[in-house]
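Enquirer: Structure supplied as start-v6.pdb; contents: PDB, C-alpha atoms.
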ATOM      1  CA  MET Z   1      -7.445 -22.631 -12.794
ATOM      2  CA  SER Z   2     -10.851 -23.847 -14.014
ATOM      3  CA  ASN Z   3     -13.821 -21.538 -13.536
ATOM      4  CA  THR Z   4     -16.324 -24.245 -14.404
ATOM      5  CA  ARG Z   5     -19.592 -23.987 -12.479
ATOM      6  CA  LEU Z   6     -21.687 -26.344 -14.619
ATOM      7  CA  ALA Z   7     -20.398 -29.542 -16.205
ATOM      8  CA  CYS Z   8     -22.556 -31.431 -18.682
ATOM      9  CA  ILE Z   9     -21.608 -35.046 -19.309
ATOM     10  CA  GLY Z  10     -23.097 -35.936 -22.687
ATOM     11  CA  SER Z  11     -24.105 -33.631 -25.519
ATOM     12  CA  GLY Z  12     -27.037 -35.335 -27.211
ATOM     13  CA  PHE Z  13     -30.183 -33.438 -28.175
ATOM     14  CA  MET Z  14     -31.376 -33.118 -24.574
ATOM     15  CA  GLY Z  15     -28.003 -32.038 -23.248
ATOM     16  CA  GLU Z  16     -27.697 -29.483 -26.036
ATOM     17  CA  ALA Z  17     -31.239 -28.202 -25.459
ATOM     18  CA  LEU Z  18     -30.536 -27.707 -21.764
ATOM     19  CA  ILE Z  19     -27.235 -25.925 -22.393
ATOM     20  CA  ARG Z  20     -28.858 -23.598 -24.928
ATOM     21  CA  GLY Z  21     -31.680 -22.772 -22.519
ATOM     22  CA  ILE Z  22     -29.331 -22.243 -19.571
ATOM     23  CA  LEU Z  23     -27.156 -19.856 -21.570
ATOM     24  CA  ALA Z  24     -30.136 -17.969 -22.987
ATOM     25  CA  ALA Z  25     -31.540 -17.504 -19.476
ATOM     26  CA  GLY Z  26     -28.187 -16.256 -18.192
ATOM     27  CA  ILE Z  27     -28.011 -18.855 -15.418
ATOM     28  CA  TYR Z  28     -24.391 -19.542 -16.316
ATOM     29  CA  ALA Z  29     -22.041 -17.708 -18.667
ATOM     30  CA  PRO Z  30     -20.580 -19.730 -21.556
ATOM     31  CA  ASP Z  31     -17.110 -19.753 -19.996
ATOM     32  CA  GLU Z  32     -18.585 -21.240 -16.799
ATOM     33  CA  VAL Z  33     -19.883 -24.299 -18.667
ATOM     34  CA  CYS Z  34     -17.851 -27.317 -19.728
ATOM     35  CA  VAL Z  35     -19.293 -30.133 -21.841
ATOM     36  CA  SER Z  36     -17.814 -33.602 -22.119
ATOM     37  CA  ASP Z  37     -18.586 -36.179 -24.802
ATOM     38  CA  ILE Z  38     -16.784 -38.918 -26.704
ATOM     39  CA  SER Z  39     -18.103 -37.492 -29.983
ATOM     40  CA  THR Z  40     -15.897 -34.769 -31.426
ATOM     41  CA  ALA Z  41     -18.664 -33.883 -33.879
ATOM     42  CA  ARG Z  42     -21.120 -33.186 -31.067
ATOM     43  CA  LEU Z  43     -18.521 -31.214 -29.122
ATOM     44  CA  ALA Z  44     -17.879 -29.079 -32.201
ATOM     45  CA  VAL Z  45     -21.568 -28.148 -32.253
ATOM     46  CA  LEU Z  46     -21.559 -27.198 -28.568
ATOM     47  CA  ALA Z  47     -18.327 -25.231 -28.941
ATOM     48  CA  THR Z  48     -20.149 -22.787 -31.217
ATOM     49  CA  LEU Z  49     -22.103 -21.688 -28.127
ATOM     50  CA  GLY Z  50     -18.902 -20.499 -26.474
ATOM     51  CA  VAL Z  51     -18.737 -23.247 -23.844
ATOM     52  CA  ARG Z  52     -15.576 -25.215 -23.171
ATOM     53  CA  THR Z  53     -15.465 -28.803 -24.377
ATOM     54  CA  THR Z  54     -13.461 -31.903 -23.585
ATOM     55  CA  GLN Z  55     -13.506 -35.652 -24.083
ATOM     56  CA  GLU Z  56     -12.397 -36.193 -20.482
ATOM     57  CA  ASN Z  57     -15.192 -36.317 -17.898
ATOM     58  CA  ALA Z  58     -12.792 -35.695 -15.019
ATOM     59  CA  GLU Z  59     -11.576 -32.510 -16.679
ATOM     60  CA  ALA Z  60     -15.144 -31.316 -17.245
ATOM     61  CA  VAL Z  61     -16.240 -31.660 -13.610
ATOM     62  CA  ALA Z  62     -13.132 -30.136 -12.018
ATOM     63  CA  GLY Z  63     -14.391 -27.441  -9.653
ATOM     64  CA  ALA Z  64     -18.002 -27.643 -10.880
ATOM     65  CA  GLU Z  65     -20.812 -26.863  -8.432
ATOM     66  CA  THR Z  66     -23.324 -28.728 -10.598
ATOM     67  CA  VAL Z  67     -22.896 -31.782 -12.816
ATOM     68  CA  LEU Z  68     -25.596 -32.628 -15.348
ATOM     69  CA  LEU Z  69     -25.632 -36.269 -16.419
ATOM     70  CA  ALA Z  70     -27.081 -36.419 -19.929
ATOM     71  CA  VAL Z  71     -25.897 -39.886 -20.912
ATOM     72  CA  LYS Z  72     -27.727 -43.090 -21.777
ATOM     73  CA  PRO Z  73     -28.936 -45.192 -18.810
ATOM     74  CA  GLN Z  74     -26.838 -48.191 -19.809
ATOM     75  CA  VAL Z  75     -23.550 -46.298 -19.366
ATOM     76  CA  ILE Z  76     -24.363 -44.130 -16.362
ATOM     77  CA  GLY Z  77     -22.912 -46.590 -13.836
ATOM     78  CA  GLN Z  78     -19.555 -46.574 -15.601
ATOM     79  CA  VAL Z  79     -19.662 -42.772 -15.900
ATOM     80  CA  LEU Z  80     -20.408 -42.284 -12.203
ATOM     81  CA  GLU Z  81     -17.648 -44.634 -11.105
ATOM     82  CA  GLY Z  82     -15.204 -42.584 -13.143
ATOM     83  CA  LEU Z  83     -16.517 -39.296 -11.765
ATOM     84  CA  ARG Z  84     -16.702 -40.223  -8.085
ATOM     85  CA  PRO Z  85     -13.061 -39.383  -7.183
ATOM     86  CA  HIS Z  86     -13.384 -35.991  -8.868
ATOM     87  CA  LEU Z  87     -16.586 -34.720  -7.232
ATOM     88  CA  SER Z  88     -16.673 -32.779  -3.980
ATOM     89  CA  SER Z  89     -19.242 -33.690  -1.331
ATOM     90  CA  ASP Z  90     -21.332 -30.608  -2.107
ATOM     91  CA  THR Z  91     -21.399 -30.993  -5.903
ATOM     92  CA  LEU Z  92     -25.016 -31.219  -7.067
ATOM     93  CA  VAL Z  93     -25.533 -34.123  -9.460
ATOM     94  CA  LEU Z  94     -28.516 -33.854 -11.811
ATOM     95  CA  SER Z  95     -29.473 -36.970 -13.763
ATOM     96  CA  ILE Z  96     -31.844 -37.174 -16.725
ATOM     97  CA  ALA Z  97     -31.115 -40.876 -17.299
ATOM     98  CA  ALA Z  98     -34.513 -42.558 -17.580
ATOM     99  CA  GLY Z  99     -35.129 -45.490 -15.275
ATOM    100  CA  VAL Z 100     -31.992 -45.049 -13.154
ATOM    101  CA  SER Z 101     -33.141 -44.723  -9.543
ATOM    102  CA  LEU Z 102     -31.864 -42.350  -6.900
ATOM    103  CA  ALA Z 103     -30.655 -45.374  -4.934
ATOM    104  CA  THR Z 104     -28.555 -46.495  -7.898
ATOM    105  CA  LEU Z 105     -27.173 -43.002  -8.467
ATOM    106  CA  GLU Z 106     -26.384 -42.413  -4.798
ATOM    107  CA  GLY Z 107     -24.837 -45.858  -4.498
ATOM    108  CA  LYS Z 108     -22.236 -44.947  -7.122
ATOM    109  CA  LEU Z 109     -21.322 -41.640  -5.455
ATOM    110  CA  ALA Z 110     -19.736 -40.648  -2.165
ATOM    111  CA  PRO Z 111     -22.153 -40.677   0.799
ATOM    112  CA  GLY Z 112     -23.909 -37.346   1.235
ATOM    113  CA  THR Z 113     -23.619 -36.263  -2.407
ATOM    114  CA  PRO Z 114     -26.757 -34.271  -3.318
ATOM    115  CA  VAL Z 115     -28.585 -35.889  -6.248
ATOM    116  CA  VAL Z 116     -31.736 -34.861  -8.110
ATOM    117  CA  ARG Z 117     -33.405 -36.985 -10.781
ATOM    118  CA  ALA Z 118     -35.033 -35.005 -13.564
ATOM    119  CA  MET Z 119     -37.538 -36.158 -16.156
ATOM    120  CA  PRO Z 120     -37.696 -33.576 -18.963
ATOM    121  CA  ASN Z 121     -39.320 -34.204 -22.333
ATOM    122  CA  LEU Z 122     -38.633 -33.566 -26.008
ATOM    123  CA  LEU Z 123     -40.135 -30.077 -25.788
ATOM    124  CA  ALA Z 124     -36.960 -28.869 -24.081
ATOM    125  CA  THR Z 125     -35.674 -28.383 -27.630
ATOM    126  CA  VAL Z 126     -38.151 -25.493 -28.043
ATOM    127  CA  ARG Z 127     -37.926 -24.395 -24.383
ATOM    128  CA  ALA Z 128     -41.430 -25.623 -23.633
ATOM    129  CA  ALA Z 129     -40.575 -28.757 -21.639
ATOM    130  CA  ALA Z 130     -42.503 -30.183 -18.727
ATOM    131  CA  THR Z 131     -39.879 -31.474 -16.280
ATOM    132  CA  ALA Z 132     -40.408 -33.340 -13.014
ATOM    133  CA  LEU Z 133     -37.725 -33.226 -10.305
ATOM    134  CA  ALA Z 134     -37.246 -35.846  -7.590
ATOM    135  CA  PRO Z 135     -34.680 -35.081  -4.849
ATOM    136  CA  GLY Z 136     -32.355 -37.614  -3.301
ATOM    137  CA  SER Z 137     -31.768 -38.020   0.430
ATOM    138  CA  ALA Z 138     -28.964 -35.427   0.592
ATOM    139  CA  ALA Z 139     -30.552 -32.814  -1.672
ATOM    140  CA  GLY Z 140     -31.611 -29.736   0.280
ATOM    141  CA  ALA Z 141     -33.771 -26.727  -0.540
ATOM    142  CA  GLU Z 142     -30.922 -24.854  -2.235
ATOM    143  CA  HIS Z 143     -30.144 -27.838  -4.450
ATOM    144  CA  LEU Z 144     -33.765 -28.166  -5.527
ATOM    145  CA  GLU Z 145     -34.018 -24.446  -6.214
ATOM    146  CA  ARG Z 146     -30.901 -24.654  -8.381
ATOM    147  CA  ALA Z 147     -32.357 -27.612 -10.258
ATOM    148  CA  GLU Z 148     -35.589 -25.676 -10.796
ATOM    149  CA  ARG Z 149     -33.668 -22.711 -12.216
ATOM    150  CA  ILE Z 150     -31.744 -24.955 -14.591
ATOM    151  CA  PHE Z 151     -34.716 -26.923 -15.894
ATOM    152  CA  GLY Z 152     -36.963 -23.876 -15.743
ATOM    153  CA  ALA Z 153     -34.732 -22.422 -18.466
ATOM    154  CA  VAL Z 154     -36.291 -24.874 -20.930
ATOM    155  CA  GLY Z 155     -39.898 -24.852 -19.724
ATOM    156  CA  THR Z 156     -41.765 -25.703 -16.538
ATOM    157  CA  ALA Z 157     -40.285 -27.684 -13.636
ATOM    158  CA  VAL Z 158     -42.305 -29.313 -10.851
ATOM    159  CA  ARG Z 159     -41.314 -31.346  -7.793
ATOM    160  CA  VAL Z 160     -42.567 -34.900  -7.276
ATOM    161  CA  GLU Z 161     -41.652 -37.920  -5.187
ATOM    162  CA  GLU Z 162     -39.465 -40.404  -7.017
ATOM    163  CA  ARG Z 163     -42.186 -43.071  -6.896
ATOM    164  CA  LEU Z 164     -44.277 -40.848  -9.206
ATOM    165  CA  LEU Z 165     -41.677 -40.463 -11.954
ATOM    166  CA  ASN Z 166     -43.131 -43.364 -13.936
ATOM    167  CA  ALA Z 167     -46.469 -41.546 -13.884
ATOM    168  CA  VAL Z 168     -44.665 -38.461 -15.163
ATOM    169  CA  THR Z 169     -43.209 -40.569 -17.969
ATOM    170  CA  GLY Z 170     -46.691 -41.711 -18.946
ATOM    171  CA  VAL Z 171     -48.170 -38.207 -18.963
ATOM    172  CA  SER Z 172     -45.536 -35.693 -20.058
ATOM    173  CA  GLY Z 173     -42.665 -37.918 -21.153
ATOM    174  CA  SER Z 174     -44.765 -39.762 -23.720
ATOM    175  CA  GLY Z 175     -47.390 -37.024 -24.004
ATOM    176  CA  PRO Z 176     -45.857 -35.251 -27.023
ATOM    177  CA  ALA Z 177     -46.263 -38.459 -29.050
ATOM    178  CA  TYR Z 178     -49.915 -38.792 -28.035
ATOM    179  CA  LEU Z 179     -50.579 -35.196 -29.004
ATOM    180  CA  CYS Z 180     -48.813 -35.690 -32.323
ATOM    181  CA  LEU Z 181     -51.379 -38.390 -33.080
ATOM    182  CA  VAL Z 182     -54.147 -35.945 -32.154
ATOM    183  CA  ILE Z 183     -52.655 -33.215 -34.354
ATOM    184  CA  GLU Z 184     -52.164 -35.648 -37.223
ATOM    185  CA  ALA Z 185     -55.749 -36.903 -36.925
ATOM    186  CA  LEU Z 186     -57.146 -33.356 -36.822
ATOM    187  CA  ALA Z 187     -55.092 -32.460 -39.884
ATOM    188  CA  ASP Z 188     -56.247 -35.610 -41.711
ATOM    189  CA  ALA Z 189     -59.835 -34.672 -40.966
ATOM    190  CA  GLY Z 190     -59.192 -31.169 -42.266
ATOM    191  CA  VAL Z 191     -57.773 -32.581 -45.494
ATOM    192  CA  GLN Z 192     -60.791 -34.847 -45.814
ATOM    193  CA  ALA Z 193     -62.993 -31.760 -45.446
ATOM    194  CA  GLY Z 194     -61.118 -29.942 -48.229
ATOM    195  CA  LEU Z 195     -58.211 -28.099 -46.582
ATOM    196  CA  THR Z 196     -54.683 -28.381 -47.912
ATOM    197  CA  ARG Z 197     -52.324 -30.493 -45.808
ATOM    198  CA  GLU Z 198     -50.178 -27.462 -44.949
ATOM    199  CA  VAL Z 199     -53.113 -25.362 -43.763
ATOM    200  CA  ALA Z 200     -54.772 -28.245 -41.894
ATOM    201  CA  GLN Z 201     -51.592 -29.119 -39.981
ATOM    202  CA  GLN Z 202     -50.889 -25.483 -39.111
ATOM    203  CA  LEU Z 203     -54.420 -25.014 -37.788
ATOM    204  CA  ALA Z 204     -54.331 -28.273 -35.806
ATOM    205  CA  ALA Z 205     -50.916 -27.652 -34.219
ATOM    206  CA  GLN Z 206     -51.704 -24.030 -33.359
ATOM    207  CA  THR Z 207     -55.021 -25.058 -31.809
ATOM    208  CA  VAL Z 208     -53.357 -27.631 -29.537
ATOM    209  CA  MET Z 209     -50.612 -25.193 -28.547
ATOM    210  CA  GLY Z 210     -53.042 -22.331 -27.940
ATOM    211  CA  THR Z 211     -55.411 -24.460 -25.882
ATOM    212  CA  GLY Z 212     -52.585 -25.497 -23.582
ATOM    213  CA  LYS Z 213     -51.465 -21.892 -23.239
ATOM    214  CA  LEU Z 214     -55.001 -20.765 -22.393
ATOM    215  CA  ILE Z 215     -55.396 -23.406 -19.674
ATOM    216  CA  LEU Z 216     -51.989 -22.655 -18.144
ATOM    217  CA  GLU Z 217     -52.375 -18.878 -18.183
ATOM    218  CA  SER Z 218     -56.028 -18.696 -17.130
ATOM    219  CA  GLY Z 219     -55.957 -21.487 -14.558
ATOM    220  CA  GLN Z 220     -59.264 -22.752 -15.920
ATOM    221  CA  HIS Z 221     -60.201 -26.414 -15.794
ATOM    222  CA  PRO Z 222     -60.142 -27.975 -19.278
ATOM    223  CA  ALA Z 223     -63.859 -28.726 -18.903
ATOM    224  CA  GLU Z 224     -64.550 -25.000 -18.514
ATOM    225  CA  VAL Z 225     -62.770 -24.245 -21.770
ATOM    226  CA  LYS Z 226     -64.613 -27.084 -23.502
ATOM    227  CA  ASP Z 227     -67.956 -25.746 -22.265
ATOM    228  CA  ARG Z 228     -67.147 -22.223 -23.472
ATOM    229  CA  VAL Z 229     -66.555 -23.539 -26.989
ATOM    230  CA  SER Z 230     -69.621 -25.808 -26.981
ATOM    231  CA  SER Z 231     -72.726 -23.822 -27.960
ATOM    232  CA  PRO Z 232     -76.163 -25.410 -27.423
ATOM    233  CA  GLY Z 233     -77.018 -27.503 -30.450
ATOM    234  CA  GLY Z 234     -73.789 -26.402 -32.160
ATOM    235  CA  THR Z 235     -70.959 -27.978 -34.099
ATOM    236  CA  THR Z 236     -68.569 -28.508 -31.184
ATOM    237  CA  ILE Z 237     -70.950 -30.476 -28.986
ATOM    238  CA  ALA Z 238     -71.733 -32.700 -31.972
ATOM    239  CA  GLY Z 239     -68.014 -33.380 -32.319
ATOM    240  CA  ILE Z 240     -67.619 -33.951 -28.567
ATOM    241  CA  ARG Z 241     -70.381 -36.552 -28.664
ATOM    242  CA  ALA Z 242     -68.561 -38.380 -31.471
ATOM    243  CA  LEU Z 243     -65.328 -38.381 -29.446
ATOM    244  CA  GLU Z 244     -67.104 -39.645 -26.324
ATOM    245  CA  ARG Z 245     -68.789 -42.378 -28.340
ATOM    246  CA  ALA Z 246     -65.403 -43.427 -29.729
ATOM    247  CA  GLY Z 247     -63.896 -43.587 -26.226
ATOM    248  CA  LEU Z 248     -61.223 -40.897 -26.547
ATOM    249  CA  ARG Z 249     -60.918 -40.402 -22.781
ATOM    250  CA  ALA Z 250     -60.507 -44.105 -22.073
ATOM    251  CA  ALA Z 251     -58.019 -44.489 -24.925
ATOM    252  CA  LEU Z 252     -55.786 -41.728 -23.558
ATOM    253  CA  MET Z 253     -56.029 -43.080 -20.011
ATOM    254  CA  ASP Z 254     -55.150 -46.562 -21.287
ATOM    255  CA  ALA Z 255     -52.167 -45.116 -23.179
ATOM    256  CA  VAL Z 256     -50.810 -43.455 -20.041
ATOM    257  CA  ASP Z 257     -51.389 -46.623 -18.022
ATOM    258  CA  ALA Z 258     -49.518 -48.707 -20.619
ATOM    259  CA  ALA Z 259     -46.602 -46.264 -20.628
ATOM    260  CA  VAL Z 260     -46.437 -46.220 -16.815
ATOM    261  CA  THR Z 261     -46.410 -50.019 -16.723
ATOM    262  CA  ARG Z 262     -43.661 -50.193 -19.327
ATOM    263  CA  ALA Z 263     -41.600 -47.540 -17.511
ATOM    264  CA  ALA Z 264     -41.768 -49.634 -14.336
ATOM    265  CA  GLU Z 265     -40.631 -52.728 -16.264
ATOM    266  CA  LEU Z 266     -37.658 -50.864 -17.724
ATOM    267  CA  GLU Z 267     -36.758 -49.441 -14.316
ATOM    268  CA  ARG Z 268     -36.702 -52.921 -12.779
ATOM    269  CA  ALA Z 269     -34.534 -54.190 -15.633
ATOM    270  CA  ALA Z 270     -32.095 -51.291 -15.184
ATOM    271  CA  ALA Z 271     -31.730 -52.087 -11.481
ATOM    272  CA  LYS Z 272     -30.549 -55.659 -12.121
TER
END
Could I get this file's structure written as structure tokens?

Expert:
Amino acid sequence: MSNTRLACIGSGFMGEALIRGILAAGIYAPDEVCVSDISTARLAVLATLGVRTTQENAEAVAGAETVLLAVKPQVIGQVLEGLRPHLSSDTLVLSIAAGVSLATLEGKLAPGTPVVRAMPNLLATVRAAATALAPGSAAGAEHLERAERIFGAVGTAVRVEERLLNAVTGVSGSGPAYLCLVIEALADAGVQAGLTREVAQQLAAQTVMGTGKLILESGQHPAEVKDRVSSPGGTTIAGIRALERAGLRAALMDAVDAAVTRAAELERAAAK
């Protein structure tokens, strides 16, 4: 008899990151997790973690209390149709498929199936993700708490209404790429000023990481931190003025707005 409690359908980088975090946090034991994928190579990687693997989705979800859908949006409809006969009415379905609405997910499952959409980001691979959770109509408090435990294993998880998930995409989904540009630019400037590339990149990346940690742990507004660093007539305020003159704030806000708009376009296309 299967003792599966968590089934993961798909074993790409995000699925693997989540499984690694879940196991490290002790949320599920390896023998309580079953991963399904069509790729034997990917399953071989996951098998080294001690979890059970299969190429049959129905086998993976047998008896599971939670099913994590970590497949591409374009195949999720087909996957759900195949899973529907094998899921009990109280099986929690977690989906990280971008752009696939709760209505679409629920429409492919039996009425009353609890569903939660999750929007993690790349930083799950280093257990520093920012994940937003949006509950479906049948998801109760216990289901949301379970989802928070699972995604909390790879970073921070917050609850939002589904209509705000595109905003989440623009801020934290795409955010790592924006910050990589910032880190790269800081490092380039350091090289221009005489630092080696290795030292400049290490300083830039550590500064971005440390600033985020300070804001999260202290609860301070970013402006407070900025003001603490900016001495009267000093170097930092001179740099801040240059950034304000160049329109850094507006550029970042425009980037988020563009990403939100594009996310909405992709969501509409996925619903057709």

Enquirer: Tell me which residues come within 8 Å of (-18.9, -30.1, -15.1), as a list in words, counting all atoms listed in the file in the file's coordinates.

Expert: Thr4, Arg5, Leu6, Ala7, Cys8, Ile9, Val33, Cys34, Val35, Ser36, Asn57, Glu59, Ala60, Val61, Ala62, Gly63, Ala64, Glu65, Thr66, Val67 and Leu68 of chain Z

Enquirer: Kindly assemble as JSON lines a list of the segment 90-113 of chain Z residues that lie within 12 Å of segment 167-187 of chain Z, each paired with its nearest atom pair and their distance in Å to one decimal, using all atoms listed in the file, sorted first by chain and then by ascending residue number.

Expert:
{"residue": "Z:Ile96", "atom": "CA", "partner": "Z:Gly173", "partner_atom": "CA", "distance": 11.7}
{"residue": "Z:Ala98", "atom": "CA", "partner": "Z:Thr169", "partner_atom": "CA", "distance": 8.9}
{"residue": "Z:Gly99", "atom": "CA", "partner": "Z:Thr169", "partner_atom": "CA", "distance": 9.8}

Enquirer: Care to translate the PyMOL selection byres ((chain Z and resi 271) around 8) into actual residues of this file, as a PyMOL selection string?

Expert: chain Z and resi 100-101+104+267-270+272

Enquirer: Convert the output of the PyMOL selection byres ((chain Z and resi 154) around 12) on the shown file into explicit residues, formatted as a PDB file with C-alpha atoms, in the coordinates of the input.

Expert:
ATOM      1  CA  MET Z  14     -31.376 -33.118 -24.574  1.00  0.00           C
ATOM      2  CA  GLY Z  15     -28.003 -32.038 -23.248  1.00  0.00           C
ATOM      3  CA  GLU Z  16     -27.697 -29.483 -26.036  1.00  0.00           C
ATOM      4  CA  ALA Z  17     -31.239 -28.202 -25.459  1.00  0.00           C
ATOM      5  CA  LEU Z  18     -30.536 -27.707 -21.764  1.00  0.00           C
ATOM      6  CA  ILE Z  19     -27.235 -25.925 -22.393  1.00  0.00           C
ATOM      7  CA  ARG Z  20     -28.858 -23.598 -24.928  1.00  0.00           C
ATOM      8  CA  GLY Z  21     -31.680 -22.772 -22.519  1.00  0.00           C
ATOM      9  CA  ILE Z  22     -29.331 -22.243 -19.571  1.00  0.00           C
ATOM     10  CA  LEU Z  23     -27.156 -19.856 -21.570  1.00  0.00           C
ATOM     11  CA  ALA Z  24     -30.136 -17.969 -22.987  1.00  0.00           C
ATOM     12  CA  ALA Z  25     -31.540 -17.504 -19.476  1.00  0.00           C
ATOM     13  CA  ILE Z  27     -28.011 -18.855 -15.418  1.00  0.00           C
ATOM     14  CA  PRO Z 120     -37.696 -33.576 -18.963  1.00  0.00           C
ATOM     15  CA  ASN Z 121     -39.320 -34.204 -22.333  1.00  0.00           C
ATOM     16  CA  LEU Z 122     -38.633 -33.566 -26.008  1.00  0.00           C
ATOM     17  CA  LEU Z 123     -40.135 -30.077 -25.788  1.00  0.00           C
ATOM     18  CA  ALA Z 124     -36.960 -28.869 -24.081  1.00  0.00           C
ATOM     19  CA  THR Z 125     -35.674 -28.383 -27.630  1.00  0.00           C
ATOM     20  CA  VAL Z 126     -38.151 -25.493 -28.043  1.00  0.00           C
ATOM     21  CA  ARG Z 127     -37.926 -24.395 -24.383  1.00  0.00           C
ATOM     22  CA  ALA Z 128     -41.430 -25.623 -23.633  1.00  0.00           C
ATOM     23  CA  ALA Z 129     -40.575 -28.757 -21.639  1.00  0.00           C
ATOM     24  CA  ALA Z 130     -42.503 -30.183 -18.727  1.00  0.00           C
ATOM     25  CA  THR Z 131     -39.879 -31.474 -16.280  1.00  0.00           C
ATOM     26  CA  ALA Z 147     -32.357 -27.612 -10.258  1.00  0.00           C
ATOM     27  CA  GLU Z 148     -35.589 -25.676 -10.796  1.00  0.00           C
ATOM     28  CA  ARG Z 149     -33.668 -22.711 -12.216  1.00  0.00           C
ATOM     29  CA  ILE Z 150     -31.744 -24.955 -14.591  1.00  0.00           C
ATOM     30  CA  PHE Z 151     -34.716 -26.923 -15.894  1.00  0.00           C
ATOM     31  CA  GLY Z 152     -36.963 -23.876 -15.743  1.00  0.00           C
ATOM     32  CA  ALA Z 153     -34.732 -22.422 -18.466  1.00  0.00           C
ATOM     33  CA  GLY Z 155     -39.898 -24.852 -19.724  1.00  0.00           C
ATOM     34  CA  THR Z 156     -41.765 -25.703 -16.538  1.00  0.00           C
ATOM     35  CA  ALA Z 157     -40.285 -27.684 -13.636  1.00  0.00           C
TER      36      ALA Z 157
END

Enquirer: Please report the interatomic distance between atom CA of Leu109 of chain Z and atom CA of Thr91 of chain Z in Å with one decimal.

Expert: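 Separating atom CA of Leu109 of chain Z from atom CA of Thr91 of chain Z is a distance of 10.7 Å.
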
Enquirer: Suppose you want the space between atom CA of Val260 of chain Z and atom CA of Asn166 of chain Z; what is it in Å?

Expert: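 That distance, rounded to one decimal, is 5.2 Å.
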
Enquirer: What is the distance, in Å and to one decimal place, between atom CA of Leu105 of chain Z and atom CA of Leu144 of chain Z?

Expert: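 Atom CA of Leu144 of chain Z lies at a distance of 16.5 Å from atom CA of Leu105 of chain Z.
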
Enquirer: Of the candidates Z:Ile240, Z:Ala141, Z:Val79, Z:Val116, which one gets nearest to Ser95 of chain Z if we count all atoms listed in the file?

Expert: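 Using all atoms listed in the file, Ser95 of chain Z sits closest to Z:Val116.
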
Enquirer: Once the PyMOL selection byres ((chain Z and resi 86) around 8) has been applied to the shown file, what residues remain in the selection, as a PyMOL selection string?

Expert: chain Z and resi 58+61-62+83-85+87-88

Enquirer: For Ala200 of chain Z, please output as a ChimeraX atom specification all residues within 8 Å (counting only C-alpha atoms; exclusion window: fewer than 2 positions along the same chain).

Expert: /Z:186-188,190-191,195-198,202-204

Enquirer: Near Val229 of chain Z, counting only C-alpha atoms, which residues have an atom at most 12 Å away, once you skip same-chain residues fewer than 6 positions from it, shown as a ChimeraX atom specification?

Expert: /Z:211,222-223,235-240
